[in-house]
Amino acid sequence: MPYLNKQTPSPEPVDCRIMTAALDLFVERGFHNVSVHDVQKQANVSIGSIYNHFGGKEGVAKALYYHLLKEFEEMIEEIIEEDMTYRERCNKIVALLFEYTESRRNIIAYMLHAKHREFLPDEPPICSSTPFKSMRSIVEQGIEAGEISQGDPWVAAATIFGGAIRMIHLRLDGVIKKPLTSYYDEVLHCMWQGMSTEKMVSSKAGKVHSTG
């Protein structure tokens, strides 16, 4: 079973082996280029096991999608429970997403890079999922607490996380060659250029000083 920060049980249960095999195949070949027989061979299980557990390839894809969203949701919940500022929580989300892009590439690729609506047309966009709602909630609370610049929470969340997610896409596409972790400090600097209340305070102070 693909996990972000848990150890895979040994021996791995049949349903877990199926999802692990499917993840690698879906990411490497694309959903439409993978057959049930491909998953069966990679997982070293019977065809009947796949249909019994998931009902077919689409069922595997949906179960995998929900499982990985749950992993992502748990990651965000753990960050929310930590004693940090809202800004620090945003930073940690970006740090972990960059780290997992390097260490759990296929999980991040399937979760954030795959075009789910093409093979799971009944599923809502991932931006409507619980972990993304939690990320926007962190930003909204940061605005209310005065840690993040005032503005529409959708715009603020897109500004704070959008650039980092785009960097992840570029890395997964092979456009960016260096590990994302090497860009972390620069990404944070750019991320907070327009959203930090500290910048607004210093800017106002500078104007007062210059007119004094």
# chains A, B, ... in the order shown; residues from 1 in each chain; ligands from 1

$ residues_around --residues "A:Ile138" --least-positions-apart "3" --cutoff "12 Å" --atoms "only C-alpha atoms" --output "JSON, numbers by chain"
{"A": [76, 77, 79, 80, 81, 84, 85, 86, 87, 88, 89, 90, 91, 92, 93, 131, 132, 133, 134, 135, 141, 142, 143, 144, 145, 147, 148, 153, 154, 156, 157, 160, 161]}

$ write_last_selection --atoms "C-alpha atoms" --output "PDB file, in the first residue's frame"
ATOM      1  CA  ILE A  76      -2.558  18.391   6.904  1.00  0.00           C
ATOM      2  CA  GLU A  77      -4.335  17.438  10.155  1.00  0.00           C
ATOM      3  CA  ILE A  79       0.346  20.032  10.799  1.00  0.00           C
ATOM      4  CA  ILE A  80      -2.772  21.788  12.113  1.00  0.00           C
ATOM      5  CA  GLU A  81      -2.345  20.054  15.473  1.00  0.00           C
ATOM      6  CA  MET A  84       2.836  26.752  15.022  1.00  0.00           C
ATOM      7  CA  THR A  85       1.720  30.016  13.499  1.00  0.00           C
ATOM      8  CA  TYR A  86      -0.541  29.874  10.447  1.00  0.00           C
ATOM      9  CA  ARG A  87       2.320  31.069   8.294  1.00  0.00           C
ATOM     10  CA  GLU A  88       4.581  28.310   9.647  1.00  0.00           C
ATOM     11  CA  ARG A  89       1.871  25.768   8.845  1.00  0.00           C
ATOM     12  CA  CYS A  90       1.770  26.956   5.241  1.00  0.00           C
ATOM     13  CA  ASN A  91       5.550  26.688   5.069  1.00  0.00           C
ATOM     14  CA  LYS A  92       5.522  23.146   6.457  1.00  0.00           C
ATOM     15  CA  ILE A  93       2.896  22.025   3.946  1.00  0.00           C
ATOM     16  CA  PRO A 131      -7.172  18.516   2.391  1.00  0.00           C
ATOM     17  CA  PHE A 132      -7.374  21.488   0.034  1.00  0.00           C
ATOM     18  CA  LYS A 133     -10.279  22.904   2.022  1.00  0.00           C
ATOM     19  CA  SER A 134      -8.111  22.566   5.139  1.00  0.00           C
ATOM     20  CA  MET A 135      -5.263  24.394   3.406  1.00  0.00           C
ATOM     21  CA  GLN A 141      -7.462  31.846   9.758  1.00  0.00           C
ATOM     22  CA  GLY A 142      -4.056  33.379   9.097  1.00  0.00           C
ATOM     23  CA  ILE A 143      -5.759  36.366   7.495  1.00  0.00           C
ATOM     24  CA  GLU A 144      -8.133  36.717  10.450  1.00  0.00           C
ATOM     25  CA  ALA A 145      -5.206  36.482  12.879  1.00  0.00           C
ATOM     26  CA  GLU A 147      -0.453  36.878   9.993  1.00  0.00           C
ATOM     27  CA  ILE A 148      -1.357  36.926   6.302  1.00  0.00           C
ATOM     28  CA  PRO A 153      -8.973  33.648   0.884  1.00  0.00           C
ATOM     29  CA  TRP A 154      -9.142  32.010  -2.558  1.00  0.00           C
ATOM     30  CA  ALA A 156      -4.446  34.252  -0.925  1.00  0.00           C
ATOM     31  CA  ALA A 157      -4.422  30.429  -0.932  1.00  0.00           C
ATOM     32  CA  ILE A 160       0.650  30.948  -1.236  1.00  0.00           C
ATOM     33  CA  PHE A 161       0.365  27.384  -2.542  1.00  0.00           C
TER      34      PHE A 161
END

$ residues_around --residues "A:Arg105" --least-positions-apart "3" --cutoff "12 Å" --atoms "only C-alpha atoms" --output "MDAnalysis selection string"
chainID A and resid 2:4 23:24 27:28 97:102 108:113 168:169 171:174 179:180

$ atom_distance --atom1 "atom CA of A:Thr181" --atom2 "atom CA of A:Lys6"
20.9 Å

$ closest_residue --among "A:Gly56, A:Ala158, A:Gly163, A:Ile126" --to "A:Tyr184" --atoms "only C-alpha atoms"
A:Gly163

$ select_by_dssp --residues "stretch 27-111 of chain A" --states "helix (DSSP H, G or I)" --output "PyMOL selection string"
chain A and resi 27-29+31-33+36-43+47-54+57-81+86-103+105-111

$ decode --residues "stretch 1-46 of chain A" --atoms "C-alpha atoms" --output "JSON list (two decimals), in the first residue's frame"
[["chain", "number", "residue", "atom", "x", "y", "z"],
["A", 1, "MET", "CA", 0.00, 0.00, 0.00],
["A", 2, "PRO", "CA", 1.45, 3.40, -0.89],
["A", 3, "TYR", "CA", 1.84, 5.57, 2.22],
["A", 4, "LEU", "CA", 3.28, 9.04, 2.73],
["A", 5, "ASN", "CA", 4.83, 8.47, 6.15],
["A", 6, "LYS", "CA", 3.86, 4.96, 7.27],
["A", 7, "GLN", "CA", 5.62, 1.66, 6.85],
["A", 8, "THR", "CA", 4.03, -0.86, 4.48],
["A", 9, "PRO", "CA", 2.94, -3.94, 6.45],
["A", 10, "SER", "CA", 4.75, -7.19, 5.74],
["A", 11, "PRO", "CA", 3.42, -9.38, 4.33],
["A", 12, "GLU", "CA", 1.38, -6.89, 2.34],
["A", 13, "PRO", "CA", -2.35, -7.78, 2.06],
["A", 14, "VAL", "CA", -3.67, -8.58, -1.41],
["A", 15, "ASP", "CA", -5.72, -5.38, -1.78],
["A", 16, "CYS", "CA", -2.68, -3.32, -0.77],
["A", 17, "ARG", "CA", -0.48, -5.09, -3.31],
["A", 18, "ILE", "CA", -3.03, -4.37, -6.01],
["A", 19, "MET", "CA", -3.13, -0.64, -5.20],
["A", 20, "THR", "CA", 0.66, -0.42, -4.97],
["A", 21, "ALA", "CA", 1.03, -2.05, -8.38],
["A", 22, "ALA", "CA", -1.73, 0.09, -9.89],
["A", 23, "LEU", "CA", -0.16, 3.30, -8.60],
["A", 24, "ASP", "CA", 3.13, 2.63, -10.32],
["A", 25, "LEU", "CA", 1.48, 1.54, -13.56],
["A", 26, "PHE", "CA", -1.03, 4.41, -13.70],
["A", 27, "VAL", "CA", 1.69, 7.01, -13.13],
["A", 28, "GLU", "CA", 4.25, 5.48, -15.49],
["A", 29, "ARG", "CA", 1.93, 4.56, -18.38],
["A", 30, "GLY", "CA", -1.28, 6.52, -17.83],
["A", 31, "PHE", "CA", -4.60, 5.06, -16.70],
["A", 32, "HIS", "CA", -5.91, 4.33, -20.20],
["A", 33, "ASN", "CA", -2.76, 2.44, -21.18],
["A", 34, "VAL", "CA", -2.97, 0.01, -18.26],
["A", 35, "SER", "CA", -5.14, -3.12, -18.29],
["A", 36, "VAL", "CA", -6.43, -5.24, -15.43],
["A", 37, "HIS", "CA", -4.01, -7.93, -16.61],
["A", 38, "ASP", "CA", -1.09, -5.47, -16.27],
["A", 39, "VAL", "CA", -2.08, -4.78, -12.66],
["A", 40, "GLN", "CA", -2.56, -8.50, -12.02],
["A", 41, "LYS", "CA", 0.92, -9.34, -13.29],
["A", 42, "GLN", "CA", 2.62, -6.50, -11.41],
["A", 43, "ALA", "CA", 0.85, -7.31, -8.16],
["A", 44, "ASN", "CA", 1.29, -11.06, -8.63],
["A", 45, "VAL", "CA", -2.35, -11.76, -7.79],
["A", 46, "SER", "CA", -5.24, -13.40, -9.60]]
